[in-house]
$ cat query15.cif   # mmCIF, C-alpha atoms
data_protein
loop_
_atom_site.group_PDB
_atom_site.id
_atom_site.type_symbol
_atom_site.label_atom_id
_atom_site.label_comp_id
_atom_site.auth_asym_id
_atom_site.auth_seq_id
_atom_site.Cartn_x
_atom_site.Cartn_y
_atom_site.Cartn_z
ATOM 1 C CA MET A 1 1.933 -17.346 2.681
ATOM 2 C CA SER A 2 4.700 -18.535 4.972
ATOM 3 C CA ASN A 3 7.365 -17.512 2.443
ATOM 4 C CA LEU A 4 6.071 -14.016 1.734
ATOM 5 C CA ASN A 5 8.382 -11.032 2.199
ATOM 6 C CA VAL A 6 6.391 -7.836 2.802
ATOM 7 C CA TYR A 7 7.347 -4.159 3.042
ATOM 8 C CA ALA A 8 4.728 -2.302 5.108
ATOM 9 C CA VAL A 9 4.359 1.489 5.096
ATOM 10 C CA GLY A 10 1.783 3.018 7.427
ATOM 11 C CA ALA A 11 1.220 -0.101 9.496
ATOM 12 C CA SER A 12 2.011 1.036 13.027
ATOM 13 C CA ARG A 13 -1.663 0.841 14.023
ATOM 14 C CA ASN A 14 -5.233 0.356 12.829
ATOM 15 C CA THR A 15 -5.913 -1.505 9.559
ATOM 16 C CA GLY A 16 -2.286 -1.719 8.516
ATOM 17 C CA TYR A 17 -1.190 -3.085 11.854
ATOM 18 C CA PHE A 18 -3.987 -5.672 12.052
ATOM 19 C CA ALA A 19 -3.261 -6.893 8.529
ATOM 20 C CA CYS A 20 0.463 -7.240 9.232
ATOM 21 C CA VAL A 21 -0.156 -9.188 12.424
ATOM 22 C CA ARG A 22 -2.274 -11.629 10.420
ATOM 23 C CA LEU A 23 0.522 -11.950 7.863
ATOM 24 C CA LEU A 24 3.089 -12.575 10.588
ATOM 25 C CA GLU A 25 0.871 -15.172 12.229
ATOM 26 C CA ALA A 26 0.630 -16.931 8.853
ATOM 27 C CA GLY A 27 4.439 -17.081 8.637
ATOM 28 C CA ALA A 28 5.253 -14.061 6.462
ATOM 29 C CA THR A 29 8.225 -11.779 7.059
ATOM 30 C CA VAL A 30 7.261 -8.113 7.449
ATOM 31 C CA THR A 31 9.494 -5.050 7.437
ATOM 32 C CA PHE A 32 7.787 -2.019 9.002
ATOM 33 C CA LEU A 33 8.793 1.554 8.145
ATOM 34 C CA LEU A 34 8.042 3.431 11.375
ATOM 35 C CA ARG A 35 8.578 7.023 12.425
ATOM 36 C CA ASN A 36 8.873 5.798 16.023
ATOM 37 C CA PRO A 37 10.001 2.160 16.251
ATOM 38 C CA SER A 38 10.078 2.578 20.037
ATOM 39 C CA SER A 39 6.273 2.607 19.952
ATOM 40 C CA MET A 40 6.533 -1.152 19.445
ATOM 41 C CA ASP A 41 8.873 -1.727 22.404
ATOM 42 C CA THR A 42 6.077 -2.829 24.730
ATOM 43 C CA ASN A 43 3.985 -4.513 22.041
ATOM 44 C CA THR A 44 4.364 -8.161 23.031
ATOM 45 C CA THR A 45 2.732 -9.389 19.821
ATOM 46 C CA ILE A 46 5.219 -7.621 17.567
ATOM 47 C CA GLN A 47 8.189 -8.284 19.838
ATOM 48 C CA LYS A 48 7.481 -12.015 19.614
ATOM 49 C CA PHE A 49 7.976 -11.821 15.856
ATOM 50 C CA VAL A 50 10.984 -9.522 16.173
ATOM 51 C CA SER A 51 12.645 -12.130 18.398
ATOM 52 C CA ALA A 52 11.770 -14.837 15.880
ATOM 53 C CA GLY A 53 13.397 -12.900 13.035
ATOM 54 C CA LYS A 54 10.099 -12.367 11.208
ATOM 55 C CA ALA A 55 9.321 -8.702 11.974
ATOM 56 C CA PHE A 56 11.826 -5.907 11.327
ATOM 57 C CA LEU A 57 11.329 -2.331 12.533
ATOM 58 C CA ILE A 58 13.040 0.349 10.433
ATOM 59 C CA LYS A 59 13.064 3.963 11.583
ATOM 60 C CA GLY A 60 11.863 6.243 8.813
ATOM 61 C CA ASP A 61 9.235 8.682 7.634
ATOM 62 C CA ALA A 62 7.314 7.994 4.422
ATOM 63 C CA LEU A 63 7.456 11.753 3.697
ATOM 64 C CA SER A 64 11.169 11.216 3.071
ATOM 65 C CA GLU A 65 12.062 9.524 -0.206
ATOM 66 C CA ASP A 66 15.434 8.512 1.262
ATOM 67 C CA ASP A 67 13.721 6.806 4.214
ATOM 68 C CA CYS A 68 11.354 4.965 1.873
ATOM 69 C CA GLN A 69 14.362 3.763 -0.102
ATOM 70 C CA ARG A 70 16.049 2.493 3.064
ATOM 71 C CA GLY A 71 12.866 0.557 3.798
ATOM 72 C CA TRP A 72 12.962 -1.082 0.378
ATOM 73 C CA GLU A 73 16.645 -1.926 0.780
ATOM 74 C CA SER A 74 16.158 -3.348 4.262
ATOM 75 C CA THR A 75 13.289 -5.537 3.077
ATOM 76 C CA LEU A 76 15.451 -6.773 0.202
ATOM 77 C CA GLU A 77 17.954 -8.099 2.735
ATOM 78 C CA ARG A 78 15.364 -10.798 3.477
ATOM 79 C CA GLY A 79 15.074 -11.748 -0.201
ATOM 80 C CA HIS A 80 12.717 -11.020 -3.063
ATOM 81 C CA ILE A 81 9.918 -8.603 -2.066
ATOM 82 C CA ASP A 82 6.489 -10.068 -2.737
ATOM 83 C CA PHE A 83 4.206 -7.271 -1.538
ATOM 84 C CA LEU A 84 4.279 -3.573 -0.725
ATOM 85 C CA PHE A 85 1.490 -2.827 1.740
ATOM 86 C CA PHE A 86 0.597 0.875 1.862
ATOM 87 C CA CYS A 87 -1.794 2.096 4.567
ATOM 88 C CA VAL A 88 -0.600 5.607 5.457
ATOM 89 C CA GLY A 89 -3.201 7.637 7.323
ATOM 90 C CA GLY A 90 -1.764 9.841 10.045
ATOM 91 C CA THR A 91 -3.560 11.338 13.047
ATOM 92 C CA PRO A 92 -6.116 13.972 12.021
ATOM 93 C CA GLU A 93 -6.958 17.101 13.976
ATOM 94 C CA PHE A 94 -10.399 18.684 14.125
ATOM 95 C CA HIS A 95 -10.827 22.151 12.620
ATOM 96 C CA LEU A 96 -14.096 24.005 13.179
ATOM 97 C CA THR A 97 -14.545 25.079 9.549
ATOM 98 C CA LYS A 98 -12.487 22.438 7.723
ATOM 99 C CA GLY A 99 -13.419 19.270 9.596
ATOM 100 C CA MET A 100 -10.653 16.708 10.075
ATOM 101 C CA ILE A 101 -7.282 17.760 8.685
ATOM 102 C CA PHE A 102 -3.846 16.191 8.317
ATOM 103 C CA THR A 103 -0.509 17.954 8.533
ATOM 104 C CA PRO A 104 0.743 18.080 5.855
ATOM 105 C CA GLU A 105 -2.461 18.047 3.845
ATOM 106 C CA ASN A 106 -0.910 15.795 1.186
ATOM 107 C CA LEU A 107 0.515 13.221 3.596
ATOM 108 C CA VAL A 108 -0.908 10.152 1.855
ATOM 109 C CA THR A 109 -0.237 11.259 -1.721
ATOM 110 C CA GLN A 110 3.332 12.362 -1.130
ATOM 111 C CA SER A 111 4.142 9.251 0.922
ATOM 112 C CA PHE A 112 2.826 7.067 -1.886
ATOM 113 C CA LEU A 113 4.800 8.963 -4.529
ATOM 114 C CA ASN A 114 7.928 8.643 -2.383
ATOM 115 C CA VAL A 115 7.433 4.884 -2.112
ATOM 116 C CA LEU A 116 7.093 4.663 -5.890
ATOM 117 C CA ALA A 117 10.037 6.943 -6.687
ATOM 118 C CA SER A 118 12.369 5.097 -4.311
ATOM 119 C CA ARG A 119 11.512 1.584 -5.490
ATOM 120 C CA PRO A 120 14.689 -0.229 -6.584
ATOM 121 C CA SER A 121 14.808 -1.581 -10.128
ATOM 122 C CA SER A 122 14.988 -5.101 -8.686
ATOM 123 C CA CYS A 123 11.566 -4.630 -7.086
ATOM 124 C CA THR A 124 9.479 -3.693 -10.101
ATOM 125 C CA ASP A 125 7.555 -6.972 -9.763
ATOM 126 C CA ALA A 126 6.550 -6.313 -6.145
ATOM 127 C CA LYS A 127 2.763 -6.359 -5.833
ATOM 128 C CA PHE A 128 1.074 -3.318 -4.274
ATOM 129 C CA ILE A 129 -1.908 -3.307 -1.914
ATOM 130 C CA CYS A 130 -3.047 0.238 -1.107
ATOM 131 C CA VAL A 131 -5.788 1.223 1.335
ATOM 132 C CA SER A 132 -7.932 4.170 0.259
ATOM 133 C CA SER A 133 -11.576 4.961 1.113
ATOM 134 C CA THR A 134 -15.070 4.917 -0.310
ATOM 135 C CA GLY A 135 -16.764 8.192 -1.226
ATOM 136 C CA LEU A 136 -13.709 9.818 -2.810
ATOM 137 C CA THR A 137 -14.859 10.365 -6.370
ATOM 138 C CA LYS A 138 -18.235 11.748 -7.417
ATOM 139 C CA THR A 139 -19.397 8.319 -8.554
ATOM 140 C CA SER A 140 -18.385 6.755 -5.256
ATOM 141 C CA HIS A 141 -19.835 9.637 -3.222
ATOM 142 C CA ASP A 142 -23.169 9.374 -5.048
ATOM 143 C CA SER A 143 -23.485 5.763 -3.871
ATOM 144 C CA LEU A 144 -23.038 6.620 -0.169
ATOM 145 C CA PRO A 145 -25.981 6.287 2.212
ATOM 146 C CA LEU A 146 -27.738 9.641 2.560
ATOM 147 C CA LEU A 147 -26.800 10.063 6.232
ATOM 148 C CA LEU A 148 -23.092 9.651 5.482
ATOM 149 C CA LYS A 149 -22.869 12.162 2.652
ATOM 150 C CA PRO A 150 -22.505 15.233 4.925
ATOM 151 C CA VAL A 151 -19.840 13.428 6.946
ATOM 152 C CA TYR A 152 -17.793 12.721 3.827
ATOM 153 C CA SER A 153 -18.467 16.135 2.241
ATOM 154 C CA TRP A 154 -17.393 18.151 5.275
ATOM 155 C CA LEU A 155 -15.814 16.181 8.104
ATOM 156 C CA LEU A 156 -13.594 14.026 5.871
ATOM 157 C CA ALA A 157 -13.217 16.407 2.929
ATOM 158 C CA ALA A 158 -9.543 17.249 3.529
ATOM 159 C CA PRO A 159 -8.270 13.679 4.151
ATOM 160 C CA HIS A 160 -10.226 12.513 1.123
ATOM 161 C CA ARG A 161 -8.681 15.165 -1.136
ATOM 162 C CA ASP A 162 -5.362 13.642 -0.163
ATOM 163 C CA LYS A 163 -6.475 10.086 -0.950
ATOM 164 C CA VAL A 164 -7.896 11.251 -4.274
ATOM 165 C CA GLY A 165 -4.334 12.342 -5.037
ATOM 166 C CA MET A 166 -3.042 8.846 -4.366
ATOM 167 C CA GLU A 167 -5.740 7.322 -6.550
ATOM 168 C CA ARG A 168 -4.998 9.864 -9.299
ATOM 169 C CA ALA A 169 -1.364 8.769 -9.268
ATOM 170 C CA ILE A 170 -2.385 5.118 -9.365
ATOM 171 C CA ALA A 171 -4.662 5.810 -12.338
ATOM 172 C CA HIS A 172 -1.773 7.451 -14.201
ATOM 173 C CA PHE A 173 0.792 4.745 -13.555
ATOM 174 C CA THR A 174 -1.674 1.925 -14.298
ATOM 175 C CA ALA A 175 -3.084 3.754 -17.366
ATOM 176 C CA ARG A 176 -6.534 3.481 -15.799
ATOM 177 C CA PRO A 177 -9.060 6.034 -17.148
ATOM 178 C CA TRP A 178 -9.529 9.120 -14.973
ATOM 179 C CA ASN A 179 -12.524 11.375 -15.526
ATOM 180 C CA ALA A 180 -11.073 14.762 -14.591
ATOM 181 C CA GLU A 181 -14.269 16.585 -15.498
ATOM 182 C CA LYS A 182 -16.371 14.418 -13.191
ATOM 183 C CA ASP A 183 -13.937 13.463 -10.441
ATOM 184 C CA GLY A 184 -11.633 16.465 -10.471
ATOM 185 C CA GLU A 185 -7.912 16.883 -11.000
ATOM 186 C CA PRO A 186 -5.891 17.272 -7.772
ATOM 187 C CA GLY A 187 -3.718 20.375 -7.801
ATOM 188 C CA ASP A 188 -0.023 20.828 -7.140
ATOM 189 C CA ASP A 189 -0.793 21.395 -3.450
ATOM 190 C CA ILE A 190 -1.641 17.688 -3.273
ATOM 191 C CA MET A 191 0.373 16.135 -6.100
ATOM 192 C CA GLY A 192 3.440 18.348 -6.167
ATOM 193 C CA ALA A 193 4.609 20.115 -9.324
ATOM 194 C CA GLY A 194 5.802 17.780 -12.061
ATOM 195 C CA TRP A 195 4.829 14.623 -10.181
ATOM 196 C CA LYS A 196 4.470 12.550 -13.346
ATOM 197 C CA GLU A 197 8.061 13.273 -14.374
ATOM 198 C CA ARG A 198 9.710 12.774 -10.986
ATOM 199 C CA GLN A 199 12.902 10.770 -11.169
ATOM 200 C CA GLY A 200 12.343 7.102 -10.408
ATOM 201 C CA MET A 201 8.641 7.064 -11.277
ATOM 202 C CA PRO A 202 7.348 4.081 -13.265
ATOM 203 C CA ALA A 203 6.265 4.568 -16.857
ATOM 204 C CA PRO A 204 2.548 5.201 -17.379
ATOM 205 C CA GLY A 205 0.724 1.886 -17.606
ATOM 206 C CA SER A 206 3.572 -0.145 -16.114
ATOM 207 C CA LEU A 207 2.132 -0.479 -12.589
ATOM 208 C CA GLN A 208 -0.304 -3.340 -13.106
ATOM 209 C CA ASP A 209 0.317 -5.463 -9.999
ATOM 210 C CA ILE A 210 -1.774 -3.382 -7.631
ATOM 211 C CA VAL A 211 -5.009 -3.670 -5.663
ATOM 212 C CA VAL A 212 -6.753 -0.617 -4.210
ATOM 213 C CA VAL A 213 -8.964 -1.354 -1.194
ATOM 214 C CA ARG A 214 -11.726 1.165 -0.449
ATOM 215 C CA PRO A 215 -13.256 0.488 2.982
ATOM 216 C CA ALA A 216 -16.535 1.996 4.106
ATOM 217 C CA PHE A 217 -16.475 4.290 7.176
ATOM 218 C CA LEU A 218 -14.008 2.577 9.509
ATOM 219 C CA THR A 219 -14.840 1.488 13.049
ATOM 220 C CA ASP A 220 -12.938 -0.122 15.904
ATOM 221 C CA GLY A 221 -15.273 -3.105 16.039
ATOM 222 C CA ASP A 222 -14.259 -6.739 16.339
ATOM 223 C CA CYS A 223 -13.463 -8.915 13.349
ATOM 224 C CA LYS A 224 -16.739 -10.528 12.300
ATOM 225 C CA ALA A 225 -14.851 -12.814 9.924
ATOM 226 C CA ASP A 226 -13.281 -14.543 12.922
ATOM 227 C CA ARG A 227 -16.795 -15.487 14.089
ATOM 228 C CA PRO A 228 -18.551 -16.301 10.805
ATOM 229 C CA LYS A 229 -22.266 -17.027 10.633
ATOM 230 C CA LYS A 230 -23.449 -19.758 8.318
ATOM 231 C CA SER A 231 -26.336 -17.664 7.007
ATOM 232 C CA LYS A 232 -24.413 -14.460 6.261
ATOM 233 C CA ALA A 233 -20.986 -13.409 5.006
ATOM 234 C CA PRO A 234 -19.076 -11.301 7.565
ATOM 235 C CA TYR A 235 -18.649 -8.439 5.093
ATOM 236 C CA ARG A 236 -19.107 -7.594 1.431
ATOM 237 C CA ALA A 237 -16.303 -7.019 -1.069
ATOM 238 C CA SER A 238 -16.968 -5.956 -4.630
ATOM 239 C CA THR A 239 -15.567 -3.966 -7.521
ATOM 240 C CA ASP A 240 -19.033 -2.369 -7.706
ATOM 241 C CA GLU A 241 -20.108 0.433 -5.383
ATOM 242 C CA LEU A 242 -21.622 -1.042 -2.208
ATOM 243 C CA GLY A 243 -23.326 1.929 -0.593
ATOM 244 C CA GLY A 244 -22.611 0.531 2.869
ATOM 245 C CA TYR A 245 -22.287 2.465 6.101
ATOM 246 C CA VAL A 246 -19.365 1.017 8.032
ATOM 247 C CA VAL A 247 -16.812 -1.770 8.337
ATOM 248 C CA SER A 248 -14.346 -2.556 11.098
ATOM 249 C CA ARG A 249 -10.632 -2.070 10.582
ATOM 250 C CA GLN A 250 -10.100 -5.663 11.665
ATOM 251 C CA ASP A 251 -12.410 -6.995 8.955
ATOM 252 C CA VAL A 252 -10.623 -4.927 6.312
ATOM 253 C CA ALA A 253 -7.366 -6.398 7.591
ATOM 254 C CA HIS A 254 -8.882 -9.865 7.312
ATOM 255 C CA PHE A 255 -9.897 -9.176 3.713
ATOM 256 C CA ILE A 256 -6.401 -8.022 2.796
ATOM 257 C CA ALA A 257 -4.386 -10.699 4.579
ATOM 258 C CA THR A 258 -6.735 -13.627 4.093
ATOM 259 C CA VAL A 259 -8.815 -13.024 0.971
ATOM 260 C CA ILE A 260 -6.629 -10.943 -1.364
ATOM 261 C CA LEU A 261 -3.362 -12.680 -0.621
ATOM 262 C CA GLN A 262 -4.846 -16.150 -0.965
ATOM 263 C CA ASP A 263 -6.314 -15.355 -4.384
ATOM 264 C CA TYR A 264 -4.312 -12.414 -5.661
ATOM 265 C CA PRO A 265 -4.913 -13.001 -9.399
ATOM 266 C CA LYS A 266 -8.660 -12.503 -8.830
ATOM 267 C CA TRP A 267 -8.136 -9.013 -7.409
ATOM 268 C CA ARG A 268 -5.094 -7.890 -9.392
ATOM 269 C CA GLY A 269 -5.509 -4.481 -10.991
ATOM 270 C CA LYS A 270 -8.862 -3.795 -9.338
ATOM 271 C CA ILE A 271 -10.434 -1.275 -6.996
ATOM 272 C CA VAL A 272 -12.355 -3.198 -4.330
ATOM 273 C CA ASN A 273 -15.004 -1.749 -2.022
ATOM 274 C CA VAL A 274 -15.397 -3.388 1.396
ATOM 275 C CA GLY A 275 -18.252 -2.878 3.848
ATOM 276 C CA TYR A 276 -21.044 -4.518 5.791
#
$ encode --input "query15.cif" --output "structure tokens"
Amino acid sequence: MSNLNVYAVGASRNTGYFACVRLLEAGATVTFLLRNPSSMDTNTTIQKFVSAGKAFLIKGDALSEDDCQRGWESTLERGHIDFLFFCVGGTPEFHLTKGMIFTPENLVTQSFLNVLASRPSSCTDAKFICVSSTGLTKTSHDSLPLLLKPVYSWLLAAPHRDKVGMERAIAHFTARPWNAEKDGEPGDDIMGAGWKERQGMPAPGSLQDIVVVRPAFLTDGDCKADRPKKSKAPYRASTDELGGYVVSRQDVAHFIATVILQDYPKWRGKIVNVGY
């Protein structure tokens, strides 16, 4: 892991940040695309790696295709890009009738499409790790614990429509089956008109080096994996629906940086659910 070169989009805080810190501590080089690089000025953890020439902070907004391209190009200055880590989330606002909402409402989907469209031809072998959520599709929602279903159906409905858009794009570019009748077909308000034919997009079925991580409801709890118990695994990870309630952001970060990256072939091309 010490030789990895990583381009991180949406990693200024939360799961993305925790995962990148683990990568840096393991010796990887990480280039962050940040709307406000100054937010890291007083972060002693990140500044330690900036001083060591292992962390690079690039000013840019993932809603801008040009900024995403500059991030790719900057990361390439450190050599071949091994991984693209995508964890865009934004800061939601509460709306009385709509629950939690993002501005714009297609923040995640459009950021992901911009990252794809701006990818240089020399980076087509970069491996993608994208953080999504459980409960997005009907099949996934049906497996949720009963008490969480209203939360996902109302409170998180708008952010999840956006993440469905990202997963719809991933299904198209990986040639993974998508059941539009059962799981819906995101409209142009999420995907953008003509998204499949956008310049720079990969051919359908060509994006095979990708792992989609679907965490359960995220909490700010400690990383249980750092204090493992002999009798019980710190969390569960499976390509099957788990039906779990919660998982901490730090444990999801542990799964990404420690489990996936140490055995990438096992998880390649899969959607993985993570929860307690």
$ resolve_selection --input "query15.cif" --expression "the PyMOL selection byres ((chain A and resi 29) around 6)" --output "ChimeraX atom specification"
/A:5,28,30,54-55
$ residues_around --input "query15.cif" --residues "region 34-46 of chain A" --least-positions-apart "4" --cutoff "8 Å" --atoms "all atoms listed in the file" --output "number ranges by chain"
A: 9-12, 21, 50, 55, 57-61
$ write_last_selection --input "query15.cif" --atoms "C-alpha atoms" --output "PDB file, keeping the file's coordinate frame"
ATOM      1  CA  VAL A   9       4.359   1.489   5.096  1.00  0.00           C
ATOM      2  CA  GLY A  10       1.783   3.018   7.427  1.00  0.00           C
ATOM      3  CA  ALA A  11       1.220  -0.101   9.496  1.00  0.00           C
ATOM      4  CA  SER A  12       2.011   1.036  13.027  1.00  0.00           C
ATOM      5  CA  VAL A  21      -0.156  -9.188  12.424  1.00  0.00           C
ATOM      6  CA  VAL A  50      10.984  -9.522  16.173  1.00  0.00           C
ATOM      7  CA  ALA A  55       9.321  -8.702  11.974  1.00  0.00           C
ATOM      8  CA  LEU A  57      11.329  -2.331  12.533  1.00  0.00           C
ATOM      9  CA  ILE A  58      13.040   0.349  10.433  1.00  0.00           C
ATOM     10  CA  LYS A  59      13.064   3.963  11.583  1.00  0.00           C
ATOM     11  CA  GLY A  60      11.863   6.243   8.813  1.00  0.00           C
ATOM     12  CA  ASP A  61       9.235   8.682   7.634  1.00  0.00           C
TER      13      ASP A  61
END
$ closest_residue --input "query15.cif" --among "A:Ser111, A:Gln262, A:Ser238, A:Thr15" --to "Ala62 (chain A)" --atoms "only C-alpha atoms"
A:Ser111
$ residues_around --input "query15.cif" --residues "Ser140 (chain A)" --least-positions-apart "5" --cutoff "10 Å" --atoms "only C-alpha atoms" --output "list of chain:residue names"
A:Ser133, A:Thr134, A:Gly135, A:Asp183, A:Arg214, A:Asp240, A:Glu241, A:Leu242, A:Gly243, A:Asn273
$ atom_distance --input "query15.cif" --atom1 "CA of Pro265 (chain A)" --atom2 "CA of Leu84 (chain A)"
15.8 Å
$ atom_distance --input "query15.cif" --atom1 "CA of Val213 (chain A)" --atom2 "CA of Phe255 (chain A)"
9.3 Å
$ resolve_selection --input "query15.cif" --expression "the PyMOL selection byres ((chain A and resi 113) around 9)" --output "JSON list (two decimals) with C-alpha atoms, keeping the file's coordinate frame"
[["chain", "number", "residue", "atom", "x", "y", "z"],
["A", 65, "GLU", "CA", 12.06, 9.52, -0.21],
["A", 108, "VAL", "CA", -0.91, 10.15, 1.86],
["A", 109, "THR", "CA", -0.24, 11.26, -1.72],
["A", 110, "GLN", "CA", 3.33, 12.36, -1.13],
["A", 111, "SER", "CA", 4.14, 9.25, 0.92],
["A", 112, "PHE", "CA", 2.83, 7.07, -1.89],
["A", 114, "ASN", "CA", 7.93, 8.64, -2.38],
["A", 115, "VAL", "CA", 7.43, 4.88, -2.11],
["A", 116, "LEU", "CA", 7.09, 4.66, -5.89],
["A", 117, "ALA", "CA", 10.04, 6.94, -6.69],
["A", 118, "SER", "CA", 12.37, 5.10, -4.31],
["A", 166, "MET", "CA", -3.04, 8.85, -4.37],
["A", 169, "ALA", "CA", -1.36, 8.77, -9.27],
["A", 191, "MET", "CA", 0.37, 16.14, -6.10],
["A", 195, "TRP", "CA", 4.83, 14.62, -10.18],
["A", 198, "ARG", "CA", 9.71, 12.77, -10.99],
["A", 201, "MET", "CA", 8.64, 7.06, -11.28]]
$ atom_distance --input "query15.cif" --atom1 "CA of Tyr152 (chain A)" --atom2 "CA of Phe217 (chain A)"
9.2 Å
$ residues_around --input "query15.cif" --residues "Ser121 (chain A)" --least-positions-apart "3" --cutoff "12 Å" --atoms "all atoms listed in the file" --output "list in words"
Gln69, Trp72, Glu73, Leu76, His80, Ile81, Leu116, Ala117, Ser118, Thr124, Asp125, Ala126, Gly200, Met201 and Pro202 of chain A
$ write_last_selection --input "query15.cif" --atoms "C-alpha atoms" --output "CSV table (one decimal), keeping the file's coordinate frame"
chain,number,residue,atom,x,y,z
A,69,GLN,CA,14.4,3.8,-0.1
A,72,TRP,CA,13.0,-1.1,0.4
A,73,GLU,CA,16.6,-1.9,0.8
A,76,LEU,CA,15.5,-6.8,0.2
A,80,HIS,CA,12.7,-11.0,-3.1
A,81,ILE,CA,9.9,-8.6,-2.1
A,116,LEU,CA,7.1,4.7,-5.9
A,117,ALA,CA,10.0,6.9,-6.7
A,118,SER,CA,12.4,5.1,-4.3
A,124,THR,CA,9.5,-3.7,-10.1
A,125,ASP,CA,7.6,-7.0,-9.8
A,126,ALA,CA,6.6,-6.3,-6.1
A,200,GLY,CA,12.3,7.1,-10.4
A,201,MET,CA,8.6,7.1,-11.3
A,202,PRO,CA,7.3,4.1,-13.3
$ residues_around --input "query15.cif" --residues "Gly184 (chain A)" --least-positions-apart "5" --cutoff "12 Å" --atoms "only C-alpha atoms" --output "JSON, numbers by chain"
{"A": [136, 137, 138, 139, 161, 164, 165, 167, 168, 178, 179]}
$ closest_residue --input "query15.cif" --among "A:Ser51, A:Thr75, A:Ser153, A:Thr239" --to "Tyr7 (chain A)" --atoms "all atoms listed in the file"
A:Thr75
$ closest_residue --input "query15.cif" --among "A:Asp142, A:Asp222, A:Ile256, A:Gly269" --to "Phe173 (chain A)" --atoms "all atoms listed in the file"
A:Gly269
$ residues_around --input "query15.cif" --residues "Arg268 (chain A)" --least-positions-apart "4" --cutoff "7 Å" --atoms "all atoms listed in the file" --output "list in words"
Asp209, Ile210, Val211 and Tyr264 of chain A
$ closest_residue --input "query15.cif" --among "A:Ala225, A:Arg70, A:Phe18, A:Lys127" --to "Leu261 (chain A)" --atoms "all atoms listed in the file"
A:Lys127
